[in-house]
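Novice: Input file: target09.cif. Contents: mmCIF, C-alpha atoms.
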```cif
data_input
loop_
_atom_site.group_PDB
_atom_site.id
_atom_site.type_symbol
_atom_site.label_atom_id
_atom_site.label_comp_id
_atom_site.auth_asym_id
_atom_site.auth_seq_id
_atom_site.Cartn_x
_atom_site.Cartn_y
_atom_site.Cartn_z
ATOM 1 C CA GLN T 167 -12.481 12.095 14.707
ATOM 2 C CA VAL T 168 -9.346 10.001 14.448
ATOM 3 C CA GLN T 169 -7.207 10.770 11.409
ATOM 4 C CA LEU T 170 -3.979 9.130 10.353
ATOM 5 C CA VAL T 171 -2.172 10.586 7.356
ATOM 6 C CA GLU T 172 0.834 8.794 5.890
ATOM 7 C CA SER T 173 3.469 10.332 3.668
ATOM 8 C CA GLY T 174 6.945 9.611 2.382
ATOM 9 C CA GLY T 175 6.380 6.731 0.017
ATOM 10 C CA GLY T 176 7.824 6.543 -3.461
ATOM 11 C CA LEU T 177 10.028 4.694 -5.894
ATOM 12 C CA VAL T 178 13.467 3.663 -4.685
ATOM 13 C CA GLN T 179 16.181 1.374 -6.002
ATOM 14 C CA PRO T 180 17.113 -1.833 -4.188
ATOM 15 C CA GLY T 181 19.426 -1.024 -1.305
ATOM 16 C CA GLY T 182 17.982 2.448 -0.934
ATOM 17 C CA SER T 183 16.186 4.130 1.945
ATOM 18 C CA LEU T 184 12.894 5.865 2.618
ATOM 19 C CA ARG T 185 11.337 7.397 5.703
ATOM 20 C CA LEU T 186 7.606 7.181 6.119
ATOM 21 C CA SER T 187 5.673 9.523 8.378
ATOM 22 C CA CYS T 188 2.228 9.209 9.901
ATOM 23 C CA ALA T 189 0.624 12.301 11.379
ATOM 24 C CA ALA T 190 -2.147 11.560 13.857
ATOM 25 C CA SER T 191 -5.001 13.735 15.056
ATOM 26 C CA GLY T 192 -8.108 13.193 17.135
ATOM 27 C CA ILE T 193 -6.306 10.976 19.649
ATOM 28 C CA ILE T 194 -4.179 11.412 22.737
ATOM 29 C CA PHE T 195 -1.121 10.492 20.738
ATOM 30 C CA SER T 196 1.310 10.188 23.645
ATOM 31 C CA GLY T 197 -0.847 7.454 25.133
ATOM 32 C CA ALA T 198 -1.376 5.476 21.955
ATOM 33 C CA ALA T 199 0.517 2.474 20.638
ATOM 34 C CA MET T 200 1.181 2.921 16.935
ATOM 35 C CA ASN T 201 1.782 0.358 14.225
ATOM 36 C CA TRP T 202 2.937 0.129 10.638
ATOM 37 C CA PHE T 203 1.407 -2.520 8.404
ATOM 38 C CA ARG T 204 1.925 -3.263 4.746
ATOM 39 C CA GLN T 205 -0.014 -4.989 2.005
ATOM 40 C CA ALA T 206 1.469 -6.211 -1.249
ATOM 41 C CA PRO T 207 -0.731 -7.015 -4.265
ATOM 42 C CA GLY T 208 -2.500 -10.323 -3.785
ATOM 43 C CA LYS T 209 -1.257 -10.718 -0.223
ATOM 44 C CA GLN T 210 -2.729 -10.193 3.217
ATOM 45 C CA ARG T 211 -1.955 -7.100 5.229
ATOM 46 C CA GLU T 212 0.908 -7.811 7.626
ATOM 47 C CA LEU T 213 2.385 -6.096 10.657
ATOM 48 C CA VAL T 214 5.766 -4.522 9.996
ATOM 49 C CA ALA T 215 6.609 -2.679 13.208
ATOM 50 C CA ALA T 216 4.991 -1.453 16.404
ATOM 51 C CA ILE T 217 5.832 1.077 19.086
ATOM 52 C CA THR T 218 4.156 1.395 22.471
ATOM 53 C CA SER T 219 3.277 4.650 24.179
ATOM 54 C CA GLY T 220 6.413 4.188 26.239
ATOM 55 C CA GLY T 221 8.621 3.742 23.184
ATOM 56 C CA ARG T 222 9.069 -0.026 23.278
ATOM 57 C CA THR T 223 9.412 -1.399 19.753
ATOM 58 C CA ASN T 224 8.716 -4.665 18.013
ATOM 59 C CA TYR T 225 9.504 -5.752 14.466
ATOM 60 C CA ALA T 226 8.535 -8.450 12.028
ATOM 61 C CA GLU T 227 11.405 -10.815 11.367
ATOM 62 C CA PHE T 228 11.592 -9.822 7.730
ATOM 63 C CA VAL T 229 12.487 -6.189 8.574
ATOM 64 C CA LYS T 230 14.623 -6.620 11.686
ATOM 65 C CA GLY T 231 17.913 -4.798 11.342
ATOM 66 C CA ARG T 232 16.677 -2.805 8.340
ATOM 67 C CA PHE T 233 13.647 -0.815 9.542
ATOM 68 C CA THR T 234 13.298 1.428 12.577
ATOM 69 C CA ILE T 235 10.052 2.713 14.048
ATOM 70 C CA SER T 236 10.088 5.848 16.162
ATOM 71 C CA ARG T 237 7.714 8.496 17.437
ATOM 72 C CA ASP T 238 7.704 12.203 18.191
ATOM 73 C CA ASN T 239 4.940 12.933 20.676
ATOM 74 C CA ALA T 240 5.437 16.694 20.307
ATOM 75 C CA LYS T 241 4.519 16.351 16.624
ATOM 76 C CA ASN T 242 1.913 13.588 17.008
ATOM 77 C CA THR T 243 3.881 11.663 14.404
ATOM 78 C CA VAL T 244 5.203 8.148 14.050
ATOM 79 C CA TYR T 245 7.980 7.306 11.606
ATOM 80 C CA LEU T 246 9.263 4.255 9.808
ATOM 81 C CA GLN T 247 12.860 4.508 8.638
ATOM 82 C CA MET T 248 13.431 1.870 5.980
ATOM 83 C CA ASN T 249 16.986 1.017 4.937
ATOM 84 C CA SER T 250 18.446 -1.659 2.674
ATOM 85 C CA LEU T 251 15.161 -1.897 0.840
ATOM 86 C CA LYS T 252 14.441 -4.985 -1.223
ATOM 87 C CA PRO T 253 12.003 -5.535 -4.098
ATOM 88 C CA GLU T 254 9.918 -7.705 -1.778
ATOM 89 C CA ASP T 255 9.342 -4.645 0.424
ATOM 90 C CA THR T 256 7.151 -3.229 -2.342
ATOM 91 C CA ALA T 257 3.698 -2.647 -0.855
ATOM 92 C CA VAL T 258 1.244 -0.074 0.368
ATOM 93 C CA TYR T 259 2.262 0.888 3.889
ATOM 94 C CA TYR T 260 -0.417 1.774 6.414
ATOM 95 C CA CYS T 261 -0.329 3.481 9.768
ATOM 96 C CA ASN T 262 -2.597 1.981 12.415
ATOM 97 C CA THR T 263 -3.708 2.474 15.971
ATOM 98 C CA GLN T 264 -6.283 0.787 18.165
ATOM 99 C CA ILE T 265 -8.498 2.717 20.544
ATOM 100 C CA TRP T 266 -11.049 0.946 22.699
ATOM 101 C CA PHE T 267 -10.755 -2.175 20.503
ATOM 102 C CA ALA T 268 -11.465 -0.223 17.312
ATOM 103 C CA ASP T 269 -8.898 -0.146 14.521
ATOM 104 C CA TYR T 270 -8.046 3.098 12.773
ATOM 105 C CA TRP T 271 -6.116 3.211 9.504
ATOM 106 C CA GLY T 272 -4.538 5.801 7.309
ATOM 107 C CA GLN T 273 -5.052 5.892 3.566
ATOM 108 C CA GLY T 274 -1.709 4.228 2.913
ATOM 109 C CA THR T 275 1.401 5.253 1.027
ATOM 110 C CA GLN T 276 2.895 3.285 -1.845
ATOM 111 C CA VAL T 277 6.476 2.062 -1.583
ATOM 112 C CA THR T 278 7.983 0.579 -4.733
ATOM 113 C CA VAL T 279 11.464 -0.917 -4.708
ATOM 114 C CA SER T 280 12.693 -1.468 -8.231
ATOM 115 C CA SER T 281 15.680 -0.838 -10.446
#
```
Could I get this file's structure written as structure tokens?
Specialist:
Amino acid sequence: QVQLVESGGGLVQPGGSLRLSCAASGIIFSGAAMNWFRQAPGKQRELVAAITSGGRTNYAEFVKGRFTISRDNAKNTVYLQMNSLKPEDTAVYYCNTQIWFADYWGQGTQVTVSS
């Protein structure tokens, strides 16, 4: 079955950096578009960044210039490098992929930006 396992979250000060990882199994990873979403308390889940199977990327306006999504097909892993973090980036970050119109999600990893 499809499994997505995120890691790399934690507590960081404003202006700091974190790199999230999402290890995928049960899919043909090289052919899959991968996404990062986030959900803050009391808010809807929102798309942060996306990367196609060919490596094309797309970002939400609120992270452009600060976050970078990338993938390593040899490791079946997608990454989210987060720089210049702000308190408003505090959320649970989820890895996502869609296969045959079905959504698959990881368990999420908590990112807290606070001094």
Novice: Quick one, how far is CA of Tyr259 in chain T from CA of Lys241 in chain T?
Specialist: 20.2 Å
Novice: Would you translate the PyMOL selection byres ((chain T and resi 182) around 7) into the concrete set of residues it matches in this file, as a ChimeraX atom specification?
Specialist: /T:178-181,183,249-251
Novice: Please compute the CA of Ala190 in chain T-CA of Phe233 in chain T distance, one decimal, in Å.
Specialist: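 Going from CA of Ala190 in chain T over to CA of Phe233 in chain T covers 20.5 Å.
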Novice: Quick check on the file I pasted: which residues fall under the PyMOL selection byres ((chain T and resi 176) around 8)? Write them as a ChimeraX atom specification.
Specialist: /T:174-175,177-178,184,275-278
Novice: Skipping near chain neighbours, those fewer than 5 positions away, what residues fall within 7 Å of range 195-212 of chain T using all atoms listed in the file, listed as a PyMOL selection string?
Specialist: chain T and resi 217-219+239+242+256-263
Novice: For Tyr225 in chain T, list every protein, DNA or RNA residue within 10 Å, evaluated using all atoms listed in the file, and leave out those in the same chain fewer than 3 positions away; present the list as a ChimeraX atom specification.
Specialist: /T:201-202,213-217,228-235
Novice: Complete the atom set of range 226-261 of chain T to N, CA and C atoms and return it as a PDB file, keeping the file's coordinate frame.
Specialist:
```
ATOM      1  N   ALA T 226       8.662  -7.182  12.729  1.00  0.00           N
ATOM      2  CA  ALA T 226       8.535  -8.450  12.028  1.00  0.00           C
ATOM      3  C   ALA T 226       9.934  -8.939  11.673  1.00  0.00           C
ATOM      4  N   GLU T 227      10.087 -10.252  11.643  1.00  0.00           N
ATOM      5  CA  GLU T 227      11.405 -10.815  11.367  1.00  0.00           C
ATOM      6  C   GLU T 227      11.975 -10.332  10.038  1.00  0.00           C
ATOM      7  N   PHE T 228      11.102 -10.146   9.069  1.00  0.00           N
ATOM      8  CA  PHE T 228      11.592  -9.822   7.730  1.00  0.00           C
ATOM      9  C   PHE T 228      12.094  -8.378   7.593  1.00  0.00           C
ATOM     10  N   VAL T 229      11.955  -7.554   8.636  1.00  0.00           N
ATOM     11  CA  VAL T 229      12.487  -6.189   8.574  1.00  0.00           C
ATOM     12  C   VAL T 229      13.491  -5.900   9.685  1.00  0.00           C
ATOM     13  N   LYS T 230      13.697  -6.853  10.575  1.00  0.00           N
ATOM     14  CA  LYS T 230      14.623  -6.620  11.686  1.00  0.00           C
ATOM     15  C   LYS T 230      16.013  -6.277  11.173  1.00  0.00           C
ATOM     16  N   GLY T 231      16.583  -5.235  11.747  1.00  0.00           N
ATOM     17  CA  GLY T 231      17.913  -4.798  11.342  1.00  0.00           C
ATOM     18  C   GLY T 231      17.914  -3.852  10.157  1.00  0.00           C
ATOM     19  N   ARG T 232      16.748  -3.697   9.503  1.00  0.00           N
ATOM     20  CA  ARG T 232      16.677  -2.805   8.340  1.00  0.00           C
ATOM     21  C   ARG T 232      15.732  -1.629   8.572  1.00  0.00           C
ATOM     22  N   PHE T 233      14.651  -1.859   9.303  1.00  0.00           N
ATOM     23  CA  PHE T 233      13.647  -0.815   9.542  1.00  0.00           C
ATOM     24  C   PHE T 233      13.697  -0.379  11.006  1.00  0.00           C
ATOM     25  N   THR T 234      13.371   0.897  11.224  1.00  0.00           N
ATOM     26  CA  THR T 234      13.298   1.428  12.577  1.00  0.00           C
ATOM     27  C   THR T 234      12.026   2.258  12.731  1.00  0.00           C
ATOM     28  N   ILE T 235      11.238   1.929  13.735  1.00  0.00           N
ATOM     29  CA  ILE T 235      10.052   2.713  14.048  1.00  0.00           C
ATOM     30  C   ILE T 235      10.382   3.662  15.191  1.00  0.00           C
ATOM     31  N   SER T 236       9.863   4.872  15.104  1.00  0.00           N
ATOM     32  CA  SER T 236      10.088   5.848  16.162  1.00  0.00           C
ATOM     33  C   SER T 236       8.885   6.780  16.234  1.00  0.00           C
ATOM     34  N   ARG T 237       8.844   7.582  17.284  1.00  0.00           N
ATOM     35  CA  ARG T 237       7.714   8.496  17.437  1.00  0.00           C
ATOM     36  C   ARG T 237       8.182   9.817  18.003  1.00  0.00           C
ATOM     37  N   ASP T 238       7.464  10.873  17.650  1.00  0.00           N
ATOM     38  CA  ASP T 238       7.704  12.203  18.191  1.00  0.00           C
ATOM     39  C   ASP T 238       6.373  12.680  18.756  1.00  0.00           C
ATOM     40  N   ASN T 239       6.213  12.582  20.051  1.00  0.00           N
ATOM     41  CA  ASN T 239       4.940  12.933  20.676  1.00  0.00           C
ATOM     42  C   ASN T 239       4.634  14.425  20.565  1.00  0.00           C
ATOM     43  N   ALA T 240       5.658  15.253  20.466  1.00  0.00           N
ATOM     44  CA  ALA T 240       5.437  16.694  20.307  1.00  0.00           C
ATOM     45  C   ALA T 240       4.803  17.005  18.955  1.00  0.00           C
ATOM     46  N   LYS T 241       5.051  16.137  17.972  1.00  0.00           N
ATOM     47  CA  LYS T 241       4.519  16.351  16.624  1.00  0.00           C
ATOM     48  C   LYS T 241       3.374  15.407  16.295  1.00  0.00           C
ATOM     49  N   ASN T 242       2.973  14.577  17.254  1.00  0.00           N
ATOM     50  CA  ASN T 242       1.913  13.588  17.008  1.00  0.00           C
ATOM     51  C   ASN T 242       2.207  12.763  15.759  1.00  0.00           C
ATOM     52  N   THR T 243       3.440  12.336  15.626  1.00  0.00           N
ATOM     53  CA  THR T 243       3.881  11.663  14.404  1.00  0.00           C
ATOM     54  C   THR T 243       4.678  10.409  14.736  1.00  0.00           C
ATOM     55  N   VAL T 244       4.419   9.360  13.963  1.00  0.00           N
ATOM     56  CA  VAL T 244       5.203   8.148  14.050  1.00  0.00           C
ATOM     57  C   VAL T 244       5.928   7.965  12.718  1.00  0.00           C
ATOM     58  N   TYR T 245       7.135   7.443  12.789  1.00  0.00           N
ATOM     59  CA  TYR T 245       7.980   7.306  11.606  1.00  0.00           C
ATOM     60  C   TYR T 245       8.356   5.843  11.376  1.00  0.00           C
ATOM     61  N   LEU T 246       8.679   5.545  10.138  1.00  0.00           N
ATOM     62  CA  LEU T 246       9.263   4.255   9.808  1.00  0.00           C
ATOM     63  C   LEU T 246      10.450   4.520   8.877  1.00  0.00           C
ATOM     64  N   GLN T 247      11.643   4.373   9.434  1.00  0.00           N
ATOM     65  CA  GLN T 247      12.860   4.508   8.638  1.00  0.00           C
ATOM     66  C   GLN T 247      13.166   3.157   8.021  1.00  0.00           C
ATOM     67  N   MET T 248      13.231   3.125   6.707  1.00  0.00           N
ATOM     68  CA  MET T 248      13.431   1.870   5.980  1.00  0.00           C
ATOM     69  C   MET T 248      14.750   1.946   5.221  1.00  0.00           C
ATOM     70  N   ASN T 249      15.677   1.084   5.585  1.00  0.00           N
ATOM     71  CA  ASN T 249      16.986   1.017   4.937  1.00  0.00           C
ATOM     72  C   ASN T 249      17.158  -0.327   4.255  1.00  0.00           C
ATOM     73  N   SER T 250      18.137  -0.405   3.389  1.00  0.00           N
ATOM     74  CA  SER T 250      18.446  -1.659   2.674  1.00  0.00           C
ATOM     75  C   SER T 250      17.187  -2.264   2.066  1.00  0.00           C
ATOM     76  N   LEU T 251      16.443  -1.446   1.386  1.00  0.00           N
ATOM     77  CA  LEU T 251      15.161  -1.897   0.840  1.00  0.00           C
ATOM     78  C   LEU T 251      15.353  -2.946  -0.245  1.00  0.00           C
ATOM     79  N   LYS T 252      14.417  -3.879  -0.268  1.00  0.00           N
ATOM     80  CA  LYS T 252      14.441  -4.985  -1.223  1.00  0.00           C
ATOM     81  C   LYS T 252      13.179  -4.928  -2.092  1.00  0.00           C
ATOM     82  N   PRO T 253      13.220  -5.521  -3.264  1.00  0.00           N
ATOM     83  CA  PRO T 253      12.003  -5.535  -4.098  1.00  0.00           C
ATOM     84  C   PRO T 253      10.794  -6.123  -3.372  1.00  0.00           C
ATOM     85  N   GLU T 254      11.032  -7.088  -2.500  1.00  0.00           N
ATOM     86  CA  GLU T 254       9.918  -7.705  -1.778  1.00  0.00           C
ATOM     87  C   GLU T 254       9.322  -6.787  -0.711  1.00  0.00           C
ATOM     88  N   ASP T 255       9.931  -5.638  -0.476  1.00  0.00           N
ATOM     89  CA  ASP T 255       9.342  -4.645   0.424  1.00  0.00           C
ATOM     90  C   ASP T 255       8.286  -3.793  -0.290  1.00  0.00           C
ATOM     91  N   THR T 256       8.146  -3.973  -1.578  1.00  0.00           N
ATOM     92  CA  THR T 256       7.151  -3.229  -2.342  1.00  0.00           C
ATOM     93  C   THR T 256       5.751  -3.536  -1.823  1.00  0.00           C
ATOM     94  N   ALA T 257       5.027  -2.486  -1.448  1.00  0.00           N
ATOM     95  CA  ALA T 257       3.698  -2.647  -0.855  1.00  0.00           C
ATOM     96  C   ALA T 257       3.109  -1.275  -0.580  1.00  0.00           C
ATOM     97  N   VAL T 258       1.848  -1.267  -0.220  1.00  0.00           N
ATOM     98  CA  VAL T 258       1.244  -0.074   0.368  1.00  0.00           C
ATOM     99  C   VAL T 258       1.443  -0.176   1.881  1.00  0.00           C
ATOM    100  N   TYR T 259       1.981   0.869   2.465  1.00  0.00           N
ATOM    101  CA  TYR T 259       2.262   0.888   3.889  1.00  0.00           C
ATOM    102  C   TYR T 259       1.204   1.727   4.600  1.00  0.00           C
ATOM    103  N   TYR T 260       0.669   1.144   5.673  1.00  0.00           N
ATOM    104  CA  TYR T 260      -0.417   1.774   6.414  1.00  0.00           C
ATOM    105  C   TYR T 260      -0.026   2.023   7.864  1.00  0.00           C
ATOM    106  N   CYS T 261      -0.434   3.146   8.352  1.00  0.00           N
ATOM    107  CA  CYS T 261      -0.329   3.481   9.768  1.00  0.00           C
ATOM    108  C   CYS T 261      -1.603   3.007  10.463  1.00  0.00           C
TER     109      CYS T 261
END
```
